[in-house]
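Source file: protein_11.pdb; contents: PDB, C-alpha atoms and all ligand atoms.
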```
ATOM      1  CA  MET A   1      -6.688  36.129  -7.983
ATOM      2  CA  ILE A   2      -7.501  32.474  -7.395
ATOM      3  CA  ARG A   3      -8.776  31.931  -3.860
ATOM      4  CA  ALA A   4      -7.001  29.205  -1.932
ATOM      5  CA  LEU A   5      -9.237  26.352  -0.857
ATOM      6  CA  MET A   6      -9.854  25.768   2.835
ATOM      7  CA  GLU A   7      -9.445  22.034   3.309
ATOM      8  CA  GLU A   8      -9.711  19.629   6.218
ATOM      9  CA  SER A   9      -7.440  16.722   7.115
ATOM     10  CA  LEU A  10      -7.279  14.000   9.724
ATOM     11  CA  VAL A  11      -3.847  13.709  11.302
ATOM     12  CA  LEU A  12      -3.022  10.784  13.562
ATOM     13  CA  LEU A  13      -0.053  10.936  15.906
ATOM     14  CA  LYS A  14       1.066   7.309  15.806
ATOM     15  CA  PRO A  15       2.440   5.276  18.756
ATOM     16  CA  ASP A  16       6.066   6.045  17.821
ATOM     17  CA  CYS A  17       5.266   9.768  17.949
ATOM     18  CA  LEU A  18       3.936   9.450  21.493
ATOM     19  CA  GLU A  19       6.790   7.188  22.556
ATOM     20  CA  GLY A  20       9.322   9.678  21.188
ATOM     21  CA  ARG A  21       7.553  12.571  22.950
ATOM     22  CA  LYS A  22       7.100  14.413  19.654
ATOM     23  CA  CYS A  23       3.395  15.327  19.896
ATOM     24  CA  GLY A  24       4.101  18.929  20.838
ATOM     25  CA  GLU A  25       6.734  19.389  18.147
ATOM     26  CA  VAL A  26       4.456  17.948  15.451
ATOM     27  CA  LEU A  27       1.512  20.105  16.463
ATOM     28  CA  LYS A  28       3.761  23.171  16.707
ATOM     29  CA  ARG A  29       4.908  22.684  13.134
ATOM     30  CA  PHE A  30       1.341  22.405  11.853
ATOM     31  CA  GLU A  31       0.181  25.461  13.790
ATOM     32  CA  GLU A  32       3.180  27.516  12.693
ATOM     33  CA  ALA A  33       2.403  26.552   9.088
ATOM     34  CA  GLY A  34      -1.003  28.174   9.565
ATOM     35  CA  PHE A  35      -3.255  25.178  10.215
ATOM     36  CA  ALA A  36      -5.962  25.396  12.862
ATOM     37  CA  VAL A  37      -6.987  22.589  15.204
ATOM     38  CA  PHE A  38     -10.756  22.030  15.267
ATOM     39  CA  GLY A  39     -10.821  18.664  17.036
ATOM     40  CA  VAL A  40      -8.456  16.525  19.108
ATOM     41  CA  LYS A  41      -8.787  13.257  21.008
ATOM     42  CA  MET A  42      -6.678  10.417  22.351
ATOM     43  CA  MET A  43      -7.969   6.949  21.582
ATOM     44  CA  ARG A  44      -7.138   3.262  21.306
ATOM     45  CA  LEU A  45      -7.795   2.017  17.783
ATOM     46  CA  SER A  46     -10.199  -0.941  17.616
ATOM     47  CA  ASP A  47      -9.716  -3.717  15.034
ATOM     48  CA  GLU A  48     -12.763  -2.343  13.234
ATOM     49  CA  ILE A  49     -11.650   1.282  12.897
ATOM     50  CA  LEU A  50      -8.173   0.173  11.848
ATOM     51  CA  ARG A  51      -9.521  -2.169   9.154
ATOM     52  CA  ASP A  52     -11.682   0.666   7.797
ATOM     53  CA  HIS A  53      -8.886   3.220   7.973
ATOM     54  CA  TYR A  54      -6.358   0.928   6.287
ATOM     55  CA  ALA A  55      -8.846  -0.900   4.030
ATOM     56  CA  HIS A  56      -6.366  -0.578   1.130
ATOM     57  CA  LEU A  57      -3.760  -2.561   3.115
ATOM     58  CA  THR A  58      -5.711  -5.355   4.815
ATOM     59  CA  GLU A  59      -4.798  -7.981   2.193
ATOM     60  CA  LEU A  60      -1.065  -7.288   2.445
ATOM     61  CA  PRO A  61       1.113  -9.824   4.296
ATOM     62  CA  PHE A  62       2.423  -7.210   6.705
ATOM     63  CA  PHE A  63      -1.006  -5.878   7.704
ATOM     64  CA  PRO A  64      -0.931  -7.756  11.065
ATOM     65  CA  GLU A  65       2.372  -6.030  11.837
ATOM     66  CA  ILE A  66       0.883  -2.599  11.041
ATOM     67  CA  GLN A  67      -2.130  -3.470  13.189
ATOM     68  CA  GLY A  68       0.133  -4.498  16.082
ATOM     69  CA  PHE A  69       2.061  -1.249  15.783
ATOM     70  CA  MET A  70      -1.006   0.998  15.557
ATOM     71  CA  GLN A  71      -2.554  -0.741  18.587
ATOM     72  CA  SER A  72       0.648  -0.778  20.654
ATOM     73  CA  SER A  73      -0.469   2.399  22.434
ATOM     74  CA  PRO A  74      -3.268   4.949  22.099
ATOM     75  CA  VAL A  75      -2.945   7.454  19.245
ATOM     76  CA  VAL A  76      -3.878  11.127  19.122
ATOM     77  CA  ALA A  77      -6.362  12.112  16.411
ATOM     78  CA  ILE A  78      -6.289  15.744  15.303
ATOM     79  CA  ALA A  79      -8.628  17.573  12.923
ATOM     80  CA  LEU A  80      -6.780  20.306  11.027
ATOM     81  CA  ARG A  81      -8.111  22.982   8.722
ATOM     82  CA  GLY A  82      -6.285  25.387   6.432
ATOM     83  CA  GLU A  83      -5.545  26.543   2.923
ATOM     84  CA  ASN A  84      -4.714  23.650   0.602
ATOM     85  CA  ALA A  85      -4.351  21.507   3.712
ATOM     86  CA  ILE A  86      -4.287  18.110   2.005
ATOM     87  CA  VAL A  87      -1.242  18.652  -0.210
ATOM     88  CA  ARG A  88       0.595  20.975   2.163
ATOM     89  CA  ILE A  89       0.245  18.670   5.170
ATOM     90  CA  ARG A  90       1.335  15.633   3.123
ATOM     91  CA  GLU A  91       4.405  17.637   2.033
ATOM     92  CA  MET A  92       5.229  18.451   5.633
ATOM     93  CA  VAL A  93       4.803  14.766   6.565
ATOM     94  CA  GLY A  94       7.010  13.325   3.790
ATOM     95  CA  PRO A  95       6.863   9.954   2.004
ATOM     96  CA  THR A  96       5.784   6.694   3.675
ATOM     97  CA  ASP A  97       9.357   5.411   4.030
ATOM     98  CA  SER A  98      11.005   7.531   6.720
ATOM     99  CA  THR A  99      14.479   6.425   5.594
ATOM    100  CA  VAL A 100      14.092   8.264   2.278
ATOM    101  CA  ALA A 101      12.104  11.214   3.661
ATOM    102  CA  GLU A 102      13.941  14.548   3.448
ATOM    103  CA  LYS A 103      15.224  16.210   6.604
ATOM    104  CA  GLY A 104      12.796  18.949   7.532
ATOM    105  CA  THR A 105       9.804  16.680   6.981
ATOM    106  CA  LEU A 106       8.215  15.063  10.023
ATOM    107  CA  ARG A 107       9.054  11.557   8.851
ATOM    108  CA  GLY A 108      12.565  12.588   7.788
ATOM    109  CA  ASP A 109      13.244  14.141  11.183
ATOM    110  CA  PHE A 110      11.460  11.727  13.527
ATOM    111  CA  GLY A 111      10.477   8.552  11.618
ATOM    112  CA  GLN A 112      12.348   5.258  11.789
ATOM    113  CA  ASP A 113      11.231   3.165   8.807
ATOM    114  CA  LYS A 114       8.269   2.404   6.491
ATOM    115  CA  MET A 115       5.972   1.525   9.369
ATOM    116  CA  ARG A 116       7.139   3.689  12.249
ATOM    117  CA  ASN A 117       6.626   6.975  10.441
ATOM    118  CA  VAL A 118       5.217   9.301  13.122
ATOM    119  CA  VAL A 119       1.972  10.539  11.589
ATOM    120  CA  HIS A 120      -0.907   9.749   9.266
ATOM    121  CA  ALA A 121      -2.393  12.518   7.113
ATOM    122  CA  SER A 122      -5.370  12.315   4.750
ATOM    123  CA  ASP A 123      -4.400  11.957   1.070
ATOM    124  CA  SER A 124      -7.421  13.613  -0.601
ATOM    125  CA  ILE A 125     -10.234  16.023   0.255
ATOM    126  CA  GLU A 126     -12.760  13.158   0.061
ATOM    127  CA  ASN A 127     -10.708  10.857   2.295
ATOM    128  CA  GLY A 128     -10.188  13.730   4.712
ATOM    129  CA  GLN A 129     -13.930  14.087   5.147
ATOM    130  CA  ALA A 130     -14.474  10.311   5.437
ATOM    131  CA  GLU A 131     -11.650   9.926   7.954
ATOM    132  CA  LEU A 132     -12.828  12.819  10.131
ATOM    133  CA  LYS A 133     -16.266  11.189  10.253
ATOM    134  CA  ARG A 134     -14.677   7.849  11.131
ATOM    135  CA  PHE A 135     -12.555   9.176  14.006
ATOM    136  CA  PHE A 136     -14.760  11.921  15.459
ATOM    137  CA  ALA A 137     -18.366  11.689  16.598
ATOM    138  CA  ASP A 138     -20.846  14.500  16.073
ATOM    139  CA  GLY A 139     -20.074  17.110  18.693
ATOM    140  CA  GLU A 140     -16.362  16.300  18.862
ATOM    141  CA  LEU A 141     -15.467  18.702  16.044
ATOM    142  CA  PHE A 142     -15.660  22.442  16.615
ATOM    143  CA  GLY A 143     -16.149  25.397  14.306
TER
HETATM  144  P1  LIG A 201       0.875   6.753   3.965
HETATM  145  O1  LIG A 201       0.697   6.661   5.461
HETATM  146  O2  LIG A 201       2.194   7.400   3.604
HETATM  147  O3  LIG A 201      -0.310   7.393   3.264
HETATM  148  P2  LIG A 201      -0.021   4.047   3.127
HETATM  149  O4  LIG A 201      -1.439   4.502   3.128
HETATM  150  O5  LIG A 201       0.491   3.332   1.901
HETATM  151  O6  LIG A 201       1.012   5.254   3.402
HETATM  152  O7  LIG A 201       0.236   3.059   4.348
HETATM  153  C1  LIG A 201      -0.358   3.292   5.587
HETATM  154  C2  LIG A 201       0.639   2.954   6.689
HETATM  155  O8  LIG A 201       0.923   1.555   6.683
HETATM  156  C3  LIG A 201       1.997   3.638   6.535
HETATM  157  O9  LIG A 201       2.000   4.973   7.002
HETATM  158  C4  LIG A 201       2.878   2.718   7.360
HETATM  159  O10 LIG A 201       2.742   2.953   8.763
HETATM  160  C5  LIG A 201       2.287   1.356   7.010
HETATM  161  N1  LIG A 201       2.982   0.766   5.825
HETATM  162  C6  LIG A 201       2.730   1.042   4.526
HETATM  163  N2  LIG A 201       3.545   0.339   3.709
HETATM  164  C7  LIG A 201       4.355  -0.383   4.533
HETATM  165  C8  LIG A 201       5.430  -1.327   4.316
HETATM  166  N3  LIG A 201       5.853  -1.642   3.082
HETATM  167  N4  LIG A 201       6.011  -1.885   5.405
HETATM  168  C9  LIG A 201       5.585  -1.576   6.661
HETATM  169  N5  LIG A 201       4.590  -0.715   6.933
HETATM  170  C10 LIG A 201       3.979  -0.125   5.887
END
```

Take the structure in the file and give it back as structure tokens.
Amino acid sequence: MIRALMEESLVLLKPDCLEGRKCGEVLKRFEEAGFAVFGVKMMRLSDEILRDHYAHLTELPFFPEIQGFMQSSPVVAIALRGENAIVRIREMVGPTDSTVAEKGTLRGDFGQDKMRNVVHASDSIENGQAELKRFFADGELFG
């Protein structure tokens, strides 16, 4: 039997998630799917952390709009661990554009558009590790 890989992902609950009071529902879905929380914190995103996190988007014309949205309130950063976490969490989240995301996905159920799409989730094992390091200091992750 092939052993499933334990993987780690950064999930961010974006400002629209907090505004819509969906934090509990989102976390409930991840926990019920078998993922374990090993770090959580609420934080305001600085220009610097946002530019690093969205380095692949900074040259796009709508980057200032994304920045404004992501800094419109604090976000909640969550470290999740579980089997095949990267792909399975991204499946639960749905595609970037909430308007085409299937019902049953987080973005399909709670997202509004391409920008206001409820959550961020790491898209590879490597990015998961880099993002957890970016958002959590030593001592803020457990187990
Ligand atoms: P994902 O979050 O699905 O991995 P990206 O890494 O491409 O997607 O984009 C990061 C975030 O930037 C998106 O989640 C969304 O909030 C915002 N974004 C991406 N593309 C657009 C767009 N065309 N218009 C508005 N916002 C966008």

Checklist outcome for this item: Closest of A:Lys41, A:His53, A:Arg116, A:Arg107 to Ile89 of chain A, counting all atoms listed in the file, is A:Arg107

Next on the checklist: If the limit is 9 Å from any atom of ligand LIG 201 (chain A), counting all atoms listed in the file, which residues qualify? Return them as number ranges by chain.
Outcome noted: A: 14, 53-54, 56-57, 60, 62-63, 65-67, 69-70, 90, 93-97, 113-123

Next on the checklist: What does the structure give for the distance between atom CA of Phe135 of chain A and atom CA of Pro15 of chain A, in Å to one decimal?
Outcome noted: 16.2 Å

Item to check | Result set of the PyMOL selection byres (((chain A and resi 27) around 10) and not hetatm) on the coordinates above, as a list in words | outcome: Val11, Leu13, Lys22, Cys23, Gly24, Glu25, Val26, Lys28, Arg29, Phe30, Glu31, Glu32, Ala33, Phe35, Ala36, Val37, Ile78 and Leu80 of chain A

Item to check | Explicit residues for the PyMOL selection byres (((chain A and resi 143) around 7) and not hetatm) (as number ranges by chain) | outcome: A: 38, 141-142

Store the residues picked out above in a file with C-alpha atoms, as an mmCIF file, in the coordinates of the input.
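Produced file result32.cif, reproduced below:
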```cif
data_model
loop_
_atom_site.group_PDB
_atom_site.id
_atom_site.type_symbol
_atom_site.label_atom_id
_atom_site.label_comp_id
_atom_site.auth_asym_id
_atom_site.auth_seq_id
_atom_site.Cartn_x
_atom_site.Cartn_y
_atom_site.Cartn_z
ATOM 1 C CA PHE A 38 -10.756 22.030 15.267
ATOM 2 C CA LEU A 141 -15.467 18.702 16.044
ATOM 3 C CA PHE A 142 -15.660 22.442 16.615
#
```

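For the atom pair formed by atom CA of Ser46 of chain A and atom CA of Ile125 of chain A, the distance is 24.3 Å, given to one decimal.
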
Checklist entry - Rounded to one decimal in Å, what is the spacing between atom CA of Val40 of chain A and atom CA of Val75 of chain A? => result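 Atom CA of Val75 of chain A lies 10.6 Å from atom CA of Val40 of chain A.
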
Checklist entry - Residues picked by the PyMOL selection byres (((chain A and resi 45) around 8) and not hetatm) here, as a list in words? => result Met43, Arg44, Ser46, Asp47, Ile49, Leu50, Met70, Gln71, Pro74 and Val75 of chain A

Reconstruct N, CA and C atoms of segment 59-86 of chain A; output as a PDB file, in the frame of the given file.
```pdb
ATOM      1  N   GLU A  59      -5.175  -6.723   2.850  1.00  0.00           N
ATOM      2  CA  GLU A  59      -4.798  -7.981   2.193  1.00  0.00           C
ATOM      3  C   GLU A  59      -3.277  -8.184   2.166  1.00  0.00           C
ATOM      4  N   LEU A  60      -2.528  -7.178   2.539  1.00  0.00           N
ATOM      5  CA  LEU A  60      -1.065  -7.288   2.445  1.00  0.00           C
ATOM      6  C   LEU A  60      -0.522  -8.166   3.576  1.00  0.00           C
ATOM      7  N   PRO A  61       0.577  -8.896   3.289  1.00  0.00           N
ATOM      8  CA  PRO A  61       1.113  -9.824   4.296  1.00  0.00           C
ATOM      9  C   PRO A  61       1.541  -9.139   5.583  1.00  0.00           C
ATOM     10  N   PHE A  62       1.948  -7.872   5.489  1.00  0.00           N
ATOM     11  CA  PHE A  62       2.423  -7.210   6.705  1.00  0.00           C
ATOM     12  C   PHE A  62       1.330  -6.420   7.423  1.00  0.00           C
ATOM     13  N   PHE A  63       0.058  -6.610   7.004  1.00  0.00           N
ATOM     14  CA  PHE A  63      -1.006  -5.878   7.704  1.00  0.00           C
ATOM     15  C   PHE A  63      -1.050  -6.189   9.213  1.00  0.00           C
ATOM     16  N   PRO A  64      -0.901  -7.485   9.613  1.00  0.00           N
ATOM     17  CA  PRO A  64      -0.931  -7.756  11.065  1.00  0.00           C
ATOM     18  C   PRO A  64       0.149  -6.978  11.830  1.00  0.00           C
ATOM     19  N   GLU A  65       1.296  -6.787  11.190  1.00  0.00           N
ATOM     20  CA  GLU A  65       2.372  -6.030  11.837  1.00  0.00           C
ATOM     21  C   GLU A  65       1.966  -4.558  12.006  1.00  0.00           C
ATOM     22  N   ILE A  66       1.348  -3.994  10.960  1.00  0.00           N
ATOM     23  CA  ILE A  66       0.883  -2.599  11.041  1.00  0.00           C
ATOM     24  C   ILE A  66      -0.181  -2.471  12.132  1.00  0.00           C
ATOM     25  N   GLN A  67      -1.069  -3.473  12.175  1.00  0.00           N
ATOM     26  CA  GLN A  67      -2.130  -3.470  13.189  1.00  0.00           C
ATOM     27  C   GLN A  67      -1.513  -3.513  14.594  1.00  0.00           C
ATOM     28  N   GLY A  68      -0.537  -4.390  14.781  1.00  0.00           N
ATOM     29  CA  GLY A  68       0.133  -4.498  16.082  1.00  0.00           C
ATOM     30  C   GLY A  68       0.773  -3.182  16.484  1.00  0.00           C
ATOM     31  N   PHE A  69       1.413  -2.537  15.513  1.00  0.00           N
ATOM     32  CA  PHE A  69       2.061  -1.249  15.783  1.00  0.00           C
ATOM     33  C   PHE A  69       1.027  -0.186  16.147  1.00  0.00           C
ATOM     34  N   MET A  70      -0.023  -0.074  15.356  1.00  0.00           N
ATOM     35  CA  MET A  70      -1.006   0.998  15.557  1.00  0.00           C
ATOM     36  C   MET A  70      -1.819   0.799  16.835  1.00  0.00           C
ATOM     37  N   GLN A  71      -1.824  -0.474  17.337  1.00  0.00           N
ATOM     38  CA  GLN A  71      -2.554  -0.741  18.587  1.00  0.00           C
ATOM     39  C   GLN A  71      -1.601  -0.883  19.781  1.00  0.00           C
ATOM     40  N   SER A  72      -0.321  -0.581  19.574  1.00  0.00           N
ATOM     41  CA  SER A  72       0.648  -0.778  20.654  1.00  0.00           C
ATOM     42  C   SER A  72       0.521   0.288  21.751  1.00  0.00           C
ATOM     43  N   SER A  73      -0.143   1.389  21.424  1.00  0.00           N
ATOM     44  CA  SER A  73      -0.469   2.399  22.434  1.00  0.00           C
ATOM     45  C   SER A  73      -1.633   3.202  21.868  1.00  0.00           C
ATOM     46  N   PRO A  74      -2.258   4.052  22.683  1.00  0.00           N
ATOM     47  CA  PRO A  74      -3.268   4.949  22.099  1.00  0.00           C
ATOM     48  C   PRO A  74      -2.607   5.871  21.077  1.00  0.00           C
ATOM     49  N   VAL A  75      -3.423   6.438  20.195  1.00  0.00           N
ATOM     50  CA  VAL A  75      -2.945   7.454  19.245  1.00  0.00           C
ATOM     51  C   VAL A  75      -3.674   8.760  19.563  1.00  0.00           C
ATOM     52  N   VAL A  76      -3.177   9.845  18.981  1.00  0.00           N
ATOM     53  CA  VAL A  76      -3.878  11.127  19.122  1.00  0.00           C
ATOM     54  C   VAL A  76      -4.409  11.526  17.749  1.00  0.00           C
ATOM     55  N   ALA A  77      -5.726  11.695  17.668  1.00  0.00           N
ATOM     56  CA  ALA A  77      -6.362  12.112  16.411  1.00  0.00           C
ATOM     57  C   ALA A  77      -6.568  13.620  16.458  1.00  0.00           C
ATOM     58  N   ILE A  78      -6.180  14.278  15.370  1.00  0.00           N
ATOM     59  CA  ILE A  78      -6.289  15.744  15.303  1.00  0.00           C
ATOM     60  C   ILE A  78      -6.982  16.134  14.002  1.00  0.00           C
ATOM     61  N   ALA A  79      -7.966  17.020  14.100  1.00  0.00           N
ATOM     62  CA  ALA A  79      -8.628  17.573  12.923  1.00  0.00           C
ATOM     63  C   ALA A  79      -7.986  18.924  12.634  1.00  0.00           C
ATOM     64  N   LEU A  80      -7.450  19.058  11.409  1.00  0.00           N
ATOM     65  CA  LEU A  80      -6.780  20.306  11.027  1.00  0.00           C
ATOM     66  C   LEU A  80      -7.477  20.930   9.834  1.00  0.00           C
ATOM     67  N   ARG A  81      -7.500  22.255   9.828  1.00  0.00           N
ATOM     68  CA  ARG A  81      -8.111  22.982   8.722  1.00  0.00           C
ATOM     69  C   ARG A  81      -7.163  24.083   8.263  1.00  0.00           C
ATOM     70  N   GLY A  82      -7.109  24.297   6.946  1.00  0.00           N
ATOM     71  CA  GLY A  82      -6.285  25.387   6.432  1.00  0.00           C
ATOM     72  C   GLY A  82      -6.282  25.404   4.919  1.00  0.00           C
ATOM     73  N   GLU A  83      -5.593  26.403   4.378  1.00  0.00           N
ATOM     74  CA  GLU A  83      -5.545  26.543   2.923  1.00  0.00           C
ATOM     75  C   GLU A  83      -4.765  25.380   2.313  1.00  0.00           C
ATOM     76  N   ASN A  84      -5.359  24.773   1.315  1.00  0.00           N
ATOM     77  CA  ASN A  84      -4.714  23.650   0.602  1.00  0.00           C
ATOM     78  C   ASN A  84      -4.127  22.624   1.573  1.00  0.00           C
ATOM     79  N   ALA A  85      -4.877  22.327   2.617  1.00  0.00           N
ATOM     80  CA  ALA A  85      -4.351  21.507   3.712  1.00  0.00           C
ATOM     81  C   ALA A  85      -3.891  20.119   3.250  1.00  0.00           C
ATOM     82  N   ILE A  86      -4.615  19.504   2.348  1.00  0.00           N
ATOM     83  CA  ILE A  86      -4.287  18.110   2.005  1.00  0.00           C
ATOM     84  C   ILE A  86      -2.859  18.001   1.464  1.00  0.00           C
TER      85      ILE A  86
END
```
